[in-house]
Structure formats: C-alpha cells, structure tokens
file final-v7.txt (compact mmCIF, C-alpha atoms and all ligand atoms)
# COMPACT_ATOMS: atom_id res chain seq x y z
CA MET A 1 0.00 0.00 0.00
CA GLY A 2 3.01 2.27 0.50
CA HIS A 3 3.44 2.49 -3.28
CA TYR A 4 0.15 4.35 -3.74
CA PRO A 5 -0.66 7.98 -2.95
CA GLU A 6 -3.97 7.10 -1.32
CA PRO A 7 -5.67 3.86 -0.19
CA ARG A 8 -8.25 3.67 -3.00
CA ALA A 9 -5.50 3.38 -5.62
CA GLY A 10 -3.93 0.41 -3.87
CA ALA A 11 -7.31 -1.10 -3.07
CA ILE A 12 -7.96 -1.94 -6.74
CA TYR A 13 -4.81 -4.07 -6.91
CA THR A 14 -5.56 -5.63 -3.54
CA LEU A 15 -9.05 -6.60 -4.74
CA GLN A 16 -7.65 -7.99 -8.01
CA PHE A 17 -5.14 -10.07 -6.04
CA LEU A 18 -7.84 -11.43 -3.72
CA GLN A 19 -10.12 -12.19 -6.66
CA ARG A 20 -7.35 -14.23 -8.31
CA LYS A 21 -6.80 -16.02 -4.99
CA TYR A 22 -10.46 -16.86 -4.27
CA GLY A 23 -12.14 -16.69 -7.67
CA HIS A 24 -14.46 -13.91 -6.55
CA LEU A 25 -14.70 -11.33 -3.79
CA HIS A 26 -16.72 -12.98 -1.04
CA ASN A 27 -17.33 -11.30 2.30
CA GLU A 28 -14.15 -12.68 3.87
CA ALA A 29 -12.12 -11.37 0.90
CA LEU A 30 -13.56 -7.91 1.50
CA ARG A 31 -12.67 -8.15 5.20
CA GLU A 32 -9.09 -9.06 4.21
CA ALA A 33 -8.97 -6.15 1.77
CA SER A 34 -10.30 -3.82 4.46
CA ALA A 35 -7.56 -4.88 6.85
CA LEU A 36 -4.89 -4.47 4.17
CA CYS A 37 -6.08 -1.14 2.74
CA GLY A 38 -7.64 0.59 5.70
CA LEU A 39 -10.86 1.22 3.76
CA SER A 40 -14.27 0.29 5.12
CA ILE A 41 -16.27 -2.60 3.67
CA THR A 42 -18.71 -0.02 2.31
CA GLN A 43 -15.91 1.83 0.51
CA LEU A 44 -14.68 -1.46 -0.96
CA GLU A 45 -18.23 -2.38 -2.04
CA GLU A 46 -18.37 0.95 -3.88
CA LEU A 47 -15.19 0.10 -5.78
CA VAL A 48 -16.37 -3.42 -6.62
CA SER A 49 -19.74 -2.19 -7.86
CA PHE A 50 -18.04 0.41 -10.09
CA TYR A 51 -15.51 -1.90 -11.79
CA PRO A 52 -17.18 -4.70 -13.78
CA LEU A 53 -13.98 -6.77 -13.78
CA LEU A 54 -14.36 -7.23 -10.02
CA LEU A 55 -16.80 -9.98 -9.10
CA ARG A 56 -18.83 -10.41 -5.92
CA ARG A 57 -20.53 -13.65 -6.98
CA PRO A 58 -18.96 -17.06 -7.63
CA VAL A 59 -17.99 -17.75 -11.22
CA GLY A 60 -16.61 -20.66 -13.19
CA ARG A 61 -12.91 -21.40 -13.41
CA ARG A 62 -12.83 -19.30 -16.58
CA VAL A 63 -14.88 -16.19 -17.33
CA LEU A 64 -16.00 -15.27 -20.84
CA ARG A 65 -17.06 -11.62 -21.10
CA ILE A 66 -19.00 -10.83 -24.26
CA CYS A 67 -19.27 -7.14 -25.04
CA ASP A 68 -22.81 -5.88 -25.48
CA SER A 69 -22.02 -2.20 -26.09
CA ILE A 70 -22.97 -0.42 -29.30
CA ALA A 71 -20.29 -1.52 -31.80
CA CYS A 72 -20.57 -5.15 -30.71
CA HIS A 73 -24.36 -4.95 -30.46
CA MET A 74 -24.52 -3.75 -34.08
CA ALA A 75 -22.14 -6.55 -35.12
CA GLY A 76 -24.24 -9.34 -33.60
CA ALA A 77 -23.52 -9.52 -29.87
CA PRO A 78 -27.17 -10.23 -28.87
CA ALA A 79 -27.21 -13.44 -30.93
CA LEU A 80 -23.83 -14.44 -29.47
CA LEU A 81 -25.10 -13.92 -25.93
CA ASP A 82 -28.13 -16.10 -26.71
CA GLU A 83 -25.85 -18.74 -28.19
CA ALA A 84 -23.56 -18.58 -25.16
CA VAL A 85 -26.54 -19.29 -22.89
CA ARG A 86 -27.47 -22.23 -25.09
CA LEU A 87 -23.93 -23.62 -25.16
CA SER A 88 -23.28 -23.20 -21.43
CA GLY A 89 -26.73 -24.49 -20.46
CA VAL A 90 -27.18 -21.84 -17.77
CA PRO A 91 -28.29 -18.20 -17.67
CA LEU A 92 -25.70 -15.46 -18.09
CA GLY A 93 -23.72 -14.89 -14.92
CA GLN A 94 -23.99 -18.44 -13.61
CA PRO A 95 -21.21 -21.02 -13.65
CA SER A 96 -21.82 -23.88 -16.08
CA ALA A 97 -22.87 -27.18 -14.49
CA ASP A 98 -19.28 -28.46 -14.54
CA GLY A 99 -18.01 -25.17 -13.07
CA ALA A 100 -15.78 -24.62 -16.08
CA VAL A 101 -17.03 -21.29 -17.39
CA THR A 102 -19.27 -18.33 -16.65
CA VAL A 103 -20.46 -16.09 -19.48
CA LEU A 104 -21.07 -12.46 -18.65
CA PRO A 105 -22.31 -9.57 -20.75
CA HIS A 106 -19.89 -6.67 -20.47
CA VAL A 107 -19.71 -2.98 -21.29
CA CYS A 108 -17.25 -1.94 -23.99
CA LEU A 109 -14.07 -3.94 -23.64
CA GLY A 110 -12.06 -1.44 -25.68
CA LEU A 111 -11.87 -4.00 -28.49
CA CYS A 112 -14.35 -2.29 -30.81
CA ASP A 113 -12.14 -2.99 -33.84
CA LEU A 114 -12.72 -6.70 -33.12
CA ALA A 115 -16.52 -6.41 -32.79
CA PRO A 116 -18.25 -8.51 -31.78
CA ALA A 117 -15.55 -9.00 -29.19
CA ALA A 118 -15.00 -10.97 -26.00
CA LEU A 119 -12.46 -11.61 -23.29
CA LEU A 120 -11.80 -15.15 -22.11
CA ASP A 121 -10.17 -14.41 -18.79
CA GLU A 122 -7.63 -11.82 -19.96
CA ALA A 123 -7.30 -12.89 -23.61
CA ALA A 124 -9.05 -10.85 -26.32
CA HIS A 125 -11.05 -12.58 -29.06
CA GLY A 126 -12.89 -11.27 -32.09
CA PRO A 127 -14.55 -10.79 -34.39
CA LEU A 128 -16.60 -13.62 -32.98
CA ASP A 129 -19.11 -15.74 -34.84
CA ALA A 130 -21.07 -18.74 -33.58
CA ALA A 131 -18.27 -21.17 -34.48
CA ALA A 132 -15.59 -19.08 -32.74
CA LEU A 133 -17.82 -18.77 -29.67
CA ALA A 134 -18.40 -22.53 -29.59
CA ALA A 135 -14.65 -23.08 -29.70
CA LEU A 136 -14.10 -20.65 -26.81
CA VAL A 137 -16.55 -22.40 -24.49
CA ALA A 138 -15.64 -25.93 -25.62
CA PRO A 139 -14.48 -28.19 -22.78
CA GLU A 140 -10.96 -28.46 -24.21
CA ASN A 141 -10.68 -24.68 -23.98
CA THR A 142 -12.35 -24.17 -20.59
CA GLY A 143 -11.25 -27.28 -18.76
CA GLY A 144 -14.84 -28.55 -18.58
CA GLN A 145 -16.30 -31.99 -19.19
S1 LIG B 1 -18.35 -1.88 -28.24
FE1 LIG B 1 -17.66 -3.91 -27.95
S2 LIG B 1 -15.55 -3.71 -27.51
FE2 LIG B 1 -16.25 -1.67 -27.73

call {"tool": "encode", "arguments": {"input": "final-v7.txt", "output": "structure tokens"}}
result
Amino acid sequence: MGHYPEPRAGAIYTLQFLQRKYGHLHNEALREASALCGLSITQLEELVSFYPLLLRRPVGRRVLRICDSIACHMAGAPALLDEAVRLSGVPLGQPSADGAVTVLPHVCLGLCDLAPAALLDEAAHGPLDAAALAALVAPENTGGQ
C-alpha cells in the first residue's frame, strides 16, 4: 500500500489479487482487503460495484465476457449472448454445471475494432461468430467436461 498515494488506488490491486486467490470477492475477501487497505467494507463495495472486472458472486474457473455495447451490439452480440446461454446451459452470470465457465455480458471492452468482441479471462477474441464462440466455451478450452 506504501506504493500508492492514497488507499483507494492500492485497493484496486488488492481486490484484483484477492479475486485471483479466491475466484471472486466474497465477504471474507472484502474483510481481508479492508484490513490491508484501511478502507471500510462499504468503501470497498463501492469500488467493486463500479468496476465490472471485479466480481462479488462465484464464477466458473474461466470467465468469458462478451461485449454488449454499441459496436458489438450492431455486429451481432445479442445473438452471441443467446448462443452462449445455449452452449453453457445456464443463464448469463452463472457457472456452467461443470463449473468450467461463466459467461457475462460486459460494457465496452475497448476491443471495438474486433466487434463482436469478448475476453476469455484476460485474452481478447474477435470478431466472434457462432463457431468461434463454440470453440471458446468448448471443454478443451475451458477445462470442462
Ligand atoms: S463496443 Fe464492444 S468492444 Fe467496444
């Protein structure tokens, strides 16, 4: 925390570290972050609710974020989100039955030139079509069954 001019700046990295450690930011993770950063749980909740890459709910071992902002929407993102639900067998935001992957809609990923675009964990993909999406969520790519 000594590297940052004020606690909120360091809190983002602390939350990212705890999310990598636990998979998502459960209540105990926020208590740990509070102890490390000196921010209240409420202040940390504010940060988590602002940054869509920070997750309060459990997710699969891999997270596929499909952009649903304007450029991707115009390029077919709604159909891809529907197809992702069909392929994963669960609603958006829920881990697949084997726990391998969670598909989330996401605001602009900054990959508009790849529209429709997605992030599988931290790797950018696009332009996506149904075949490319199926390959991304395939068990051999997500560690599922
Ligand atoms: S609108 Fe989809 S990445 Fe920007």

call {"tool": "closest_residue", "arguments": {"input": "final-v7.txt", "among": "A:Ala100, A:Ala132, A:Cys67, A:Ala123", "to": "ligand LIG 1 (chain B)", "atoms": "all atoms listed in the file"}}
result
A:Cys67

call {"tool": "residues_near_ligand", "arguments": {"input": "final-v7.txt", "ligand": "ligand LIG 1 (chain B)", "cutoff": "12 Å", "atoms": "all atoms listed in the file", "output": "JSON, numbers by chain"}}
result
{"A": [65, 66, 67, 68, 69, 70, 71, 72, 73, 74, 75, 76, 77, 78, 105, 106, 107, 108, 109, 110, 111, 112, 113, 114, 115, 116, 117, 118, 119, 124, 125, 126, 127, 128]}

call {"tool": "write_last_selection", "arguments": {"input": "final-v7.txt", "atoms": "C-alpha atoms", "output": "PDB file, in the coordinates of the input"}}
result
ATOM      1  CA  ARG A  65     -17.060 -11.620 -21.100  1.00  0.00           C
ATOM      2  CA  ILE A  66     -19.000 -10.830 -24.260  1.00  0.00           C
ATOM      3  CA  CYS A  67     -19.270  -7.140 -25.040  1.00  0.00           C
ATOM      4  CA  ASP A  68     -22.810  -5.880 -25.480  1.00  0.00           C
ATOM      5  CA  SER A  69     -22.020  -2.200 -26.090  1.00  0.00           C
ATOM      6  CA  ILE A  70     -22.970  -0.420 -29.300  1.00  0.00           C
ATOM      7  CA  ALA A  71     -20.290  -1.520 -31.800  1.00  0.00           C
ATOM      8  CA  CYS A  72     -20.570  -5.150 -30.710  1.00  0.00           C
ATOM      9  CA  HIS A  73     -24.360  -4.950 -30.460  1.00  0.00           C
ATOM     10  CA  MET A  74     -24.520  -3.750 -34.080  1.00  0.00           C
ATOM     11  CA  ALA A  75     -22.140  -6.550 -35.120  1.00  0.00           C
ATOM     12  CA  GLY A  76     -24.240  -9.340 -33.600  1.00  0.00           C
ATOM     13  CA  ALA A  77     -23.520  -9.520 -29.870  1.00  0.00           C
ATOM     14  CA  PRO A  78     -27.170 -10.230 -28.870  1.00  0.00           C
ATOM     15  CA  PRO A 105     -22.310  -9.570 -20.750  1.00  0.00           C
ATOM     16  CA  HIS A 106     -19.890  -6.670 -20.470  1.00  0.00           C
ATOM     17  CA  VAL A 107     -19.710  -2.980 -21.290  1.00  0.00           C
ATOM     18  CA  CYS A 108     -17.250  -1.940 -23.990  1.00  0.00           C
ATOM     19  CA  LEU A 109     -14.070  -3.940 -23.640  1.00  0.00           C
ATOM     20  CA  GLY A 110     -12.060  -1.440 -25.680  1.00  0.00           C
ATOM     21  CA  LEU A 111     -11.870  -4.000 -28.490  1.00  0.00           C
ATOM     22  CA  CYS A 112     -14.350  -2.290 -30.810  1.00  0.00           C
ATOM     23  CA  ASP A 113     -12.140  -2.990 -33.840  1.00  0.00           C
ATOM     24  CA  LEU A 114     -12.720  -6.700 -33.120  1.00  0.00           C
ATOM     25  CA  ALA A 115     -16.520  -6.410 -32.790  1.00  0.00           C
ATOM     26  CA  PRO A 116     -18.250  -8.510 -31.780  1.00  0.00           C
ATOM     27  CA  ALA A 117     -15.550  -9.000 -29.190  1.00  0.00           C
ATOM     28  CA  ALA A 118     -15.000 -10.970 -26.000  1.00  0.00           C
ATOM     29  CA  LEU A 119     -12.460 -11.610 -23.290  1.00  0.00           C
ATOM     30  CA  ALA A 124      -9.050 -10.850 -26.320  1.00  0.00           C
ATOM     31  CA  HIS A 125     -11.050 -12.580 -29.060  1.00  0.00           C
ATOM     32  CA  GLY A 126     -12.890 -11.270 -32.090  1.00  0.00           C
ATOM     33  CA  PRO A 127     -14.550 -10.790 -34.390  1.00  0.00           C
ATOM     34  CA  LEU A 128     -16.600 -13.620 -32.980  1.00  0.00           C
TER      35      LEU A 128
END

call {"tool": "residues_around", "arguments": {"input": "final-v7.txt", "residues": "A:Gly60", "least_positions_apart": "5", "cutoff": "7 Å", "atoms": "only C-alpha atoms", "output": "JSON list (two decimals) with C-alpha atoms, keeping the file's coordinate frame"}}
result
[["chain", "number", "residue", "atom", "x", "y", "z"],
["A", 95, "PRO", "CA", -21.21, -21.02, -13.65],
["A", 96, "SER", "CA", -21.82, -23.88, -16.08],
["A", 99, "GLY", "CA", -18.01, -25.17, -13.07],
["A", 100, "ALA", "CA", -15.78, -24.62, -16.08],
["A", 101, "VAL", "CA", -17.03, -21.29, -17.39],
["A", 102, "THR", "CA", -19.27, -18.33, -16.65]]

call {"tool": "closest_residue", "arguments": {"input": "final-v7.txt", "among": "A:Cys37, A:Ala135, A:Leu25, A:Leu81", "to": "A:Tyr4", "atoms": "all atoms listed in the file"}}
result
A:Cys37

call {"tool": "atom_distance", "arguments": {"input": "final-v7.txt", "atom1": "atom CA of A:Ala134", "atom2": "atom CA of A:Arg86"}}
result
10.1 Å

call {"tool": "atom_distance", "arguments": {"input": "final-v7.txt", "atom1": "atom CA of A:Ala131", "atom2": "atom CA of A:Leu53"}}
result
25.6 Å

call {"tool": "residues_around", "arguments": {"input": "final-v7.txt", "residues": "A:Met1", "least_positions_apart": "6", "cutoff": "12 Å", "atoms": "all atoms listed in the file", "output": "list in words"}}
result
Pro7, Arg8, Ala9, Gly10, Ala11, Ile12, Tyr13, Thr14, Ala33, Ser34, Ala35, Leu36, Cys37, Gly38 and Leu39 of chain A

call {"tool": "write_last_selection", "arguments": {"input": "final-v7.txt", "atoms": "C-alpha atoms", "output": "mmCIF file, in the coordinates of the input"}}
result
data_model
loop_
_atom_site.group_PDB
_atom_site.id
_atom_site.type_symbol
_atom_site.label_atom_id
_atom_site.label_comp_id
_atom_site.auth_asym_id
_atom_site.auth_seq_id
_atom_site.Cartn_x
_atom_site.Cartn_y
_atom_site.Cartn_z
ATOM 1 C CA PRO A 7 -5.670 3.860 -0.190
ATOM 2 C CA ARG A 8 -8.250 3.670 -3.000
ATOM 3 C CA ALA A 9 -5.500 3.380 -5.620
ATOM 4 C CA GLY A 10 -3.930 0.410 -3.870
ATOM 5 C CA ALA A 11 -7.310 -1.100 -3.070
ATOM 6 C CA ILE A 12 -7.960 -1.940 -6.740
ATOM 7 C CA TYR A 13 -4.810 -4.070 -6.910
ATOM 8 C CA THR A 14 -5.560 -5.630 -3.540
ATOM 9 C CA ALA A 33 -8.970 -6.150 1.770
ATOM 10 C CA SER A 34 -10.300 -3.820 4.460
ATOM 11 C CA ALA A 35 -7.560 -4.880 6.850
ATOM 12 C CA LEU A 36 -4.890 -4.470 4.170
ATOM 13 C CA CYS A 37 -6.080 -1.140 2.740
ATOM 14 C CA GLY A 38 -7.640 0.590 5.700
ATOM 15 C CA LEU A 39 -10.860 1.220 3.760
#

call {"tool": "atom_distance", "arguments": {"input": "final-v7.txt", "atom1": "atom CA of A:Ser88", "atom2": "atom CA of A:His24"}}
result
19.6 Å

call {"tool": "closest_residue", "arguments": {"input": "final-v7.txt", "among": "A:Leu55, A:Ala97, A:Asn27, A:Glu83", "to": "A:Thr42", "atoms": "all atoms listed in the file"}}
result
A:Asn27

call {"tool": "residues_around", "arguments": {"input": "final-v7.txt", "residues": "A:Tyr22", "least_positions_apart": "4", "cutoff": "12 Å", "atoms": "only C-alpha atoms", "output": "NGL selection string"}}
result
:A and (15-18 or 26-30 or 32 or 54-61)

call {"tool": "closest_residue", "arguments": {"input": "final-v7.txt", "among": "A:Ile41, A:Val63, A:Val103, A:Gln19", "to": "A:Ala84", "atoms": "only C-alpha atoms"}}
result
A:Val103

call {"tool": "closest_residue", "arguments": {"input": "final-v7.txt", "among": "A:Arg31, A:His3, A:Lys21, A:Arg62", "to": "A:Gly93", "atoms": "all atoms listed in the file"}}
result
A:Arg62

call {"tool": "closest_residue", "arguments": {"input": "final-v7.txt", "among": "A:Glu122, A:Val137, A:Leu64, A:Asp129", "to": "A:Gly89", "atoms": "only C-alpha atoms"}}
result
A:Val137
